[in-house]
Structure formats: structure tokens, C-alpha cells
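Asker: Before we start, here is the structure in question, set down as C-alpha cells.
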Amino acid sequence: DGFMDFLEKPKPKTIWDLEVGDKYFYIDSVGGFPNMTWNNDEYDVLRRNQGNVFLTLEEAQFEEMRRNVYATIKQYAYEFSEEEWKKGNIKKYYPCYDYPNHCIIIFADNCLCGSKLYFKSEEDIEKAIEAVGEEYFKKYYLCIKE
């Protein structure tokens, strides 16, 4: 009796490894980070499926900031219509990070569509960077770890 009590249960490696009784965090609607116990109920599963379950407080705080930065940057982006994507004469701008030179660079494409924000001009990207600050732009939008 109690012989194995001193052994600590291994912590989950990912949010998909959570078991009943494990602790996790989520971002609530007012920016708090409740410490919850995984019960595998509909609320836990819904939060996880929405990408709103984190193993650590630091991960939840990072994600909240990433979402806030993204929302600010999105104000300067442009949603090109399907017709505009088909037109090869319309340039669509997007930022990238140049690791060797440690700087943000801007590319333009005529017809390739990916899963990122696109802008009508280089100036719009520069406004977005200015709105959140270059450090936050790199860290939370481009996900650069320097």
C-alpha cells in the first residue's frame, strides 16, 4: 500500500496526450489563462479542437499575443478575390524572413496563393510592421526565434 505513491505520473508531451486528471491552460474570452483539469468532456475536447489548449501557461500567453499581433497585422492585409488571383498582372505582396541577413524581406507573387496574409503593396506591409513593432512582427507573425 502506497509503495508507488512517490512516482510522479509522466506529463503529457502534446495536447493530444492529455488524460483525465492532467492539467492544462486555455485562453478565456477576457484574456485570462485558467488552469484546468482535463476531464475529456465536451468543453475540453472543444477547446482542444479549436486550438485553445496548452500544456503550459507560457504557451498560452505566447498564443494570446500571437493572435493579437495577427489581428492587428490583418487590418493592413488585403483579401484578393478569386478573380484577382487569376489575373497575372496583379502583384500580391508578403513578408518573409531572411535568416542569413537577419531581416524581413518582401516578396511579390502574381498567381501563387498560400496560407498566409497578402498585401496590396510593400507600404502596407511596412505599416503592419510599424503597427506591432518589428520585434513582435518577427516573433509572433513570422515565428522567428533569435
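If you're wondering about the labels, chains in the C-alpha cells are A, B, ... by order shown, residues count from 1 in each chain, ligands from 1 in order shown.
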Could you find all residues in chain A that DSSP calls helix (DSSP H, G or I) from the backbone, and write them as a PyMOL selection string?
Answerer: chain A and resi 15-17+42-49+57-74+82-86+122-132+134-141
Asker: Quick one: everything within 12 Å of stretch 24-40 of chain A, counting only C-alpha atoms, minus sequence neighbours fewer than 6 positions away in the same chain. Send it as a PyMOL selection string.
Answerer: chain A and resi 11-18+46-65+67-68
Asker: Residues of stretch 20-142 of chain A classed as strand (DSSP E or B) by DSSP on the backbone are to be reported as a JSON list (two decimals) with all heavy atoms, in the first residue's frame.
Answerer:
```json
[["chain", "number", "residue", "atom", "x", "y", "z"],
["A", 23, "LYS", "N", -3.37, 18.50, -16.06],
["A", 23, "LYS", "CA", -3.61, 19.94, -16.02],
["A", 23, "LYS", "C", -3.33, 20.55, -17.39],
["A", 23, "LYS", "O", -2.45, 20.10, -18.12],
["A", 23, "LYS", "CB", -2.71, 20.61, -14.98],
["A", 23, "LYS", "CG", -2.94, 20.12, -13.56],
["A", 23, "LYS", "CD", -4.29, 20.51, -13.05],
["A", 23, "LYS", "CE", -4.47, 20.08, -11.61],
["A", 23, "LYS", "NZ", -5.84, 20.19, -11.17],
["A", 24, "TYR", "N", -4.10, 21.59, -17.73],
["A", 24, "TYR", "CA", -3.85, 22.34, -18.97],
["A", 24, "TYR", "C", -4.33, 23.77, -18.77],
["A", 24, "TYR", "O", -4.97, 24.11, -17.78],
["A", 24, "TYR", "CB", -4.53, 21.68, -20.17],
["A", 24, "TYR", "CG", -6.04, 21.86, -20.24],
["A", 24, "TYR", "CD1", -6.61, 22.93, -20.93],
["A", 24, "TYR", "CD2", -6.90, 20.95, -19.64],
["A", 24, "TYR", "CE1", -7.98, 23.08, -21.01],
["A", 24, "TYR", "CE2", -8.27, 21.09, -19.72],
["A", 24, "TYR", "CZ", -8.82, 22.16, -20.41],
["A", 24, "TYR", "OH", -10.17, 22.32, -20.49],
["A", 25, "PHE", "N", -3.99, 24.63, -19.72],
["A", 25, "PHE", "CA", -4.40, 26.03, -19.72],
["A", 25, "PHE", "C", -5.15, 26.31, -21.01],
["A", 25, "PHE", "O", -4.97, 25.63, -22.01],
["A", 25, "PHE", "CB", -3.17, 26.95, -19.66],
["A", 25, "PHE", "CG", -2.38, 26.81, -18.40],
["A", 25, "PHE", "CD1", -1.39, 25.83, -18.29],
["A", 25, "PHE", "CD2", -2.62, 27.64, -17.32],
["A", 25, "PHE", "CE1", -0.66, 25.69, -17.13],
["A", 25, "PHE", "CE2", -1.89, 27.50, -16.14],
["A", 25, "PHE", "CZ", -0.91, 26.52, -16.05],
["A", 35, "ASN", "N", -6.27, 27.56, -15.23],
["A", 35, "ASN", "CA", -5.59, 26.28, -15.09],
["A", 35, "ASN", "C", -6.69, 25.25, -14.88],
["A", 35, "ASN", "O", -7.38, 25.27, -13.87],
["A", 35, "ASN", "CB", -4.64, 26.34, -13.89],
["A", 35, "ASN", "CG", -3.82, 25.09, -13.72],
["A", 35, "ASN", "OD1", -4.04, 24.09, -14.38],
["A", 35, "ASN", "ND2", -2.85, 25.15, -12.83],
["A", 36, "MET", "N", -6.85, 24.36, -15.86],
["A", 36, "MET", "CA", -7.96, 23.42, -15.84],
["A", 36, "MET", "C", -7.46, 21.99, -15.65],
["A", 36, "MET", "O", -6.30, 21.70, -15.85],
["A", 36, "MET", "CB", -8.73, 23.50, -17.16],
["A", 36, "MET", "CG", -9.29, 24.89, -17.46],
["A", 36, "MET", "SD", -10.54, 25.42, -16.29],
["A", 36, "MET", "CE", -11.86, 24.32, -16.71],
["A", 37, "THR", "N", -8.38, 21.14, -15.28],
["A", 37, "THR", "CA", -8.11, 19.70, -15.20],
["A", 37, "THR", "C", -8.83, 19.02, -16.35],
["A", 37, "THR", "O", -10.03, 19.23, -16.55],
["A", 37, "THR", "CB", -8.61, 19.13, -13.86],
["A", 37, "THR", "OG1", -7.93, 19.80, -12.80],
["A", 37, "THR", "CG2", -8.34, 17.64, -13.77],
["A", 54, "PHE", "N", -3.37, 24.34, -23.97],
["A", 54, "PHE", "CA", -1.92, 24.47, -23.88],
["A", 54, "PHE", "C", -1.42, 23.74, -22.65],
["A", 54, "PHE", "O", -2.06, 23.75, -21.61],
["A", 54, "PHE", "CB", -1.53, 25.95, -23.83],
["A", 54, "PHE", "CG", -2.14, 26.74, -24.95],
["A", 54, "PHE", "CD1", -3.36, 27.39, -24.78],
["A", 54, "PHE", "CD2", -1.54, 26.78, -26.18],
["A", 54, "PHE", "CE1", -3.96, 28.07, -25.81],
["A", 54, "PHE", "CE2", -2.12, 27.47, -27.23],
["A", 54, "PHE", "CZ", -3.33, 28.13, -27.05],
["A", 92, "LYS", "N", 0.76, 40.38, -55.54],
["A", 92, "LYS", "CA", 0.33, 40.13, -54.17],
["A", 92, "LYS", "C", 1.60, 40.06, -53.33],
["A", 92, "LYS", "O", 2.45, 39.21, -53.56],
["A", 92, "LYS", "CB", -0.44, 38.82, -54.05],
["A", 92, "LYS", "CG", -1.79, 38.82, -54.77],
["A", 92, "LYS", "CD", -1.63, 38.39, -56.19],
["A", 92, "LYS", "CE", -2.97, 38.33, -56.91],
["A", 92, "LYS", "NZ", -2.77, 38.13, -58.35],
["A", 93, "TYR", "N", 1.73, 40.93, -52.33],
["A", 93, "TYR", "CA", 2.96, 41.05, -51.55],
["A", 93, "TYR", "C", 2.84, 40.28, -50.23],
["A", 93, "TYR", "O", 1.76, 40.20, -49.65],
["A", 93, "TYR", "CB", 3.23, 42.53, -51.25],
["A", 93, "TYR", "CG", 3.54, 43.32, -52.50],
["A", 93, "TYR", "CD1", 2.52, 43.88, -53.26],
["A", 93, "TYR", "CD2", 4.85, 43.51, -52.92],
["A", 93, "TYR", "CE1", 2.79, 44.61, -54.41],
["A", 93, "TYR", "CE2", 5.14, 44.23, -54.06],
["A", 93, "TYR", "CZ", 4.10, 44.78, -54.81],
["A", 93, "TYR", "OH", 4.38, 45.49, -55.95],
["A", 94, "TYR", "N", 3.97, 39.74, -49.77],
["A", 94, "TYR", "CA", 4.00, 39.05, -48.49],
["A", 94, "TYR", "C", 5.41, 39.13, -47.90],
["A", 94, "TYR", "O", 6.40, 39.16, -48.63],
["A", 94, "TYR", "CB", 3.55, 37.59, -48.62],
["A", 94, "TYR", "CG", 4.36, 36.76, -49.57],
["A", 94, "TYR", "CD1", 5.42, 35.98, -49.11],
["A", 94, "TYR", "CD2", 4.08, 36.76, -50.93],
["A", 94, "TYR", "CE1", 6.17, 35.21, -49.98],
["A", 94, "TYR", "CE2", 4.83, 35.99, -51.81],
["A", 94, "TYR", "CZ", 5.87, 35.22, -51.33],
["A", 94, "TYR", "OH", 6.62, 34.47, -52.20],
["A", 95, "PRO", "N", 5.50, 39.17, -46.57],
["A", 95, "PRO", "CA", 6.81, 39.26, -45.91],
["A", 95, "PRO", "C", 7.39, 37.88, -45.62],
["A", 95, "PRO", "O", 6.65, 36.91, -45.41],
["A", 95, "PRO", "CB", 6.47, 39.98, -44.61],
["A", 95, "PRO", "CG", 5.08, 39.51, -44.30],
["A", 95, "PRO", "CD", 4.40, 39.34, -45.64],
["A", 96, "CYS", "N", 8.70, 37.80, -45.62],
["A", 96, "CYS", "CA", 9.44, 36.59, -45.24],
["A", 96, "CYS", "C", 10.63, 37.03, -44.40],
["A", 96, "CYS", "O", 10.95, 38.22, -44.33],
["A", 96, "CYS", "CB", 9.95, 35.84, -46.47],
["A", 96, "CYS", "SG", 8.65, 35.11, -47.45],
["A", 97, "TYR", "N", 11.29, 36.07, -43.81],
["A", 97, "TYR", "CA", 12.47, 36.37, -43.00],
["A", 97, "TYR", "C", 13.70, 35.81, -43.69],
["A", 97, "TYR", "O", 13.73, 34.65, -44.07],
["A", 97, "TYR", "CB", 12.34, 35.80, -41.59],
["A", 97, "TYR", "CG", 13.42, 36.30, -40.67],
["A", 97, "TYR", "CD1", 13.41, 37.62, -40.23],
["A", 97, "TYR", "CD2", 14.45, 35.48, -40.26],
["A", 97, "TYR", "CE1", 14.40, 38.10, -39.40],
["A", 97, "TYR", "CE2", 15.45, 35.95, -39.42],
["A", 97, "TYR", "CZ", 15.42, 37.27, -39.00],
["A", 97, "TYR", "OH", 16.41, 37.74, -38.18],
["A", 98, "ASP", "N", 14.70, 36.65, -43.82],
["A", 98, "ASP", "CA", 15.99, 36.28, -44.42],
["A", 98, "ASP", "C", 16.94, 35.95, -43.27],
["A", 98, "ASP", "O", 17.47, 36.84, -42.63],
["A", 98, "ASP", "CB", 16.50, 37.46, -45.25],
["A", 98, "ASP", "CG", 17.86, 37.21, -45.89],
["A", 98, "ASP", "OD1", 18.51, 36.20, -45.57],
["A", 98, "ASP", "OD2", 18.27, 38.05, -46.71],
["A", 103, "CYS", "N", 16.90, 39.80, -41.44],
["A", 103, "CYS", "CA", 15.99, 40.91, -41.75],
["A", 103, "CYS", "C", 14.73, 40.40, -42.43],
["A", 103, "CYS", "O", 14.69, 39.28, -42.95],
["A", 103, "CYS", "CB", 16.69, 41.94, -42.63],
["A", 103, "CYS", "SG", 17.16, 41.31, -44.26],
["A", 104, "ILE", "N", 13.73, 41.25, -42.41],
["A", 104, "ILE", "CA", 12.47, 40.96, -43.08],
["A", 104, "ILE", "C", 12.62, 41.38, -44.53],
["A", 104, "ILE", "O", 13.11, 42.49, -44.81],
["A", 104, "ILE", "CB", 11.30, 41.72, -42.43],
["A", 104, "ILE", "CG1", 11.15, 41.28, -40.97],
["A", 104, "ILE", "CG2", 10.01, 41.50, -43.21],
["A", 104, "ILE", "CD1", 10.21, 42.15, -40.16],
["A", 105, "ILE", "N", 12.21, 40.52, -45.43],
["A", 105, "ILE", "CA", 12.22, 40.88, -46.85],
["A", 105, "ILE", "C", 10.80, 40.72, -47.38],
["A", 105, "ILE", "O", 9.97, 40.01, -46.80],
["A", 105, "ILE", "CB", 13.21, 40.02, -47.67],
["A", 105, "ILE", "CG1", 12.95, 38.53, -47.49],
["A", 105, "ILE", "CG2", 14.65, 40.36, -47.29],
["A", 105, "ILE", "CD1", 13.83, 37.64, -48.33],
["A", 106, "ILE", "N", 10.53, 41.40, -48.48],
["A", 106, "ILE", "CA", 9.19, 41.39, -49.05],
["A", 106, "ILE", "C", 9.25, 40.80, -50.45],
["A", 106, "ILE", "O", 10.08, 41.20, -51.26],
["A", 106, "ILE", "CB", 8.60, 42.81, -49.08],
["A", 106, "ILE", "CG1", 8.47, 43.34, -47.65],
["A", 106, "ILE", "CG2", 7.25, 42.83, -49.80],
["A", 106, "ILE", "CD1", 8.08, 44.79, -47.54],
["A", 107, "PHE", "N", 8.38, 39.84, -50.69],
["A", 107, "PHE", "CA", 8.27, 39.22, -52.00],
["A", 107, "PHE", "C", 6.93, 39.60, -52.62],
["A", 107, "PHE", "O", 5.99, 39.96, -51.91],
["A", 107, "PHE", "CB", 8.32, 37.68, -51.88],
["A", 107, "PHE", "CG", 9.70, 37.15, -51.64],
["A", 107, "PHE", "CD1", 10.04, 36.66, -50.39],
["A", 107, "PHE", "CD2", 10.64, 37.11, -52.66],
["A", 107, "PHE", "CE1", 11.30, 36.14, -50.15],
["A", 107, "PHE", "CE2", 11.91, 36.60, -52.43],
["A", 107, "PHE", "CZ", 12.24, 36.11, -51.18],
["A", 108, "ALA", "N", 6.85, 39.47, -53.93],
["A", 108, "ALA", "CA", 5.60, 39.67, -54.65],
["A", 108, "ALA", "C", 5.37, 38.48, -55.57],
["A", 108, "ALA", "O", 6.31, 37.97, -56.17],
["A", 108, "ALA", "CB", 5.65, 40.95, -55.46],
["A", 109, "ASP", "N", 4.15, 38.02, -55.61],
["A", 109, "ASP", "CA", 3.75, 36.92, -56.47],
["A", 109, "ASP", "C", 2.59, 37.39, -57.32],
["A", 109, "ASP", "O", 1.80, 38.24, -56.90],
["A", 109, "ASP", "CB", 3.31, 35.73, -55.64],
["A", 109, "ASP", "CG", 4.19, 34.52, -55.86],
["A", 109, "ASP", "OD1", 4.63, 34.31, -57.00],
["A", 109, "ASP", "OD2", 4.43, 33.79, -54.89],
["A", 119, "PHE", "N", -0.74, 41.30, -49.17],
["A", 119, "PHE", "CA", -0.92, 42.74, -49.10],
["A", 119, "PHE", "C", -0.91, 43.32, -50.50],
["A", 119, "PHE", "O", -0.31, 42.75, -51.41],
["A", 119, "PHE", "CB", 0.20, 43.37, -48.26],
["A", 119, "PHE", "CG", 0.26, 42.83, -46.84],
["A", 119, "PHE", "CD1", 0.85, 41.60, -46.56],
["A", 119, "PHE", "CD2", -0.29, 43.54, -45.80],
["A", 119, "PHE", "CE1", 0.90, 41.10, -45.27],
["A", 119, "PHE", "CE2", -0.25, 43.05, -44.50],
["A", 119, "PHE", "CZ", 0.34, 41.82, -44.24]]
```
Asker: Got a sec: who's within 7 Å of stretch 122-138 of chain A, counting only C-alpha atoms, leaving out chain neighbours fewer than 5 positions off, as a ChimeraX atom specification?
Answerer: /A:69,73,76,93,106,143-144
Asker: Just write the chosen residues, N, CA and C atoms, as a PDB file, in the first residue's frame.
Answerer:
```
ATOM      1  N   VAL A  69      -1.312  40.023 -32.291  1.00  0.00           N
ATOM      2  CA  VAL A  69      -0.448  40.591 -33.322  1.00  0.00           C
ATOM      3  C   VAL A  69      -1.021  40.287 -34.705  1.00  0.00           C
ATOM      4  N   ILE A  73      -2.102  42.951 -37.662  1.00  0.00           N
ATOM      5  CA  ILE A  73      -1.493  42.898 -38.993  1.00  0.00           C
ATOM      6  C   ILE A  73      -2.554  42.684 -40.065  1.00  0.00           C
ATOM      7  N   TYR A  76      -4.084  45.437 -42.208  1.00  0.00           N
ATOM      8  CA  TYR A  76      -3.331  46.027 -43.314  1.00  0.00           C
ATOM      9  C   TYR A  76      -3.271  45.098 -44.525  1.00  0.00           C
ATOM     10  N   TYR A  93       1.726  40.934 -52.335  1.00  0.00           N
ATOM     11  CA  TYR A  93       2.956  41.049 -51.548  1.00  0.00           C
ATOM     12  C   TYR A  93       2.835  40.284 -50.230  1.00  0.00           C
ATOM     13  N   ILE A 106      10.529  41.399 -48.478  1.00  0.00           N
ATOM     14  CA  ILE A 106       9.189  41.388 -49.051  1.00  0.00           C
ATOM     15  C   ILE A 106       9.255  40.795 -50.454  1.00  0.00           C
ATOM     16  N   CYS A 143       7.126  34.031 -36.609  1.00  0.00           N
ATOM     17  CA  CYS A 143       7.556  32.953 -35.701  1.00  0.00           C
ATOM     18  C   CYS A 143       9.068  32.705 -35.758  1.00  0.00           C
ATOM     19  N   ILE A 144       9.810  33.782 -35.730  1.00  0.00           N
ATOM     20  CA  ILE A 144      11.274  33.728 -35.763  1.00  0.00           C
ATOM     21  C   ILE A 144      11.790  33.663 -34.328  1.00  0.00           C
TER      22      ILE A 144
END
```
Asker: Can you work out the spacing between atom CA of A:Gly114 and atom CA of A:His102 in Å, to one decimal?
Answerer: 23.3 Å
Asker: For A:Tyr78, please output as a VMD selection string all residues within 8 Å (counting only C-alpha atoms; exclusion window: fewer than 6 positions along the same chain).
Answerer: chain A and resid 117 to 120
Asker: Just to confirm, what's the straight-line distance from atom CA of A:Trp85 to atom CA of A:Cys111 in Å (one decimal)?
Answerer: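 Between these atoms lies a distance of 5.6 Å.
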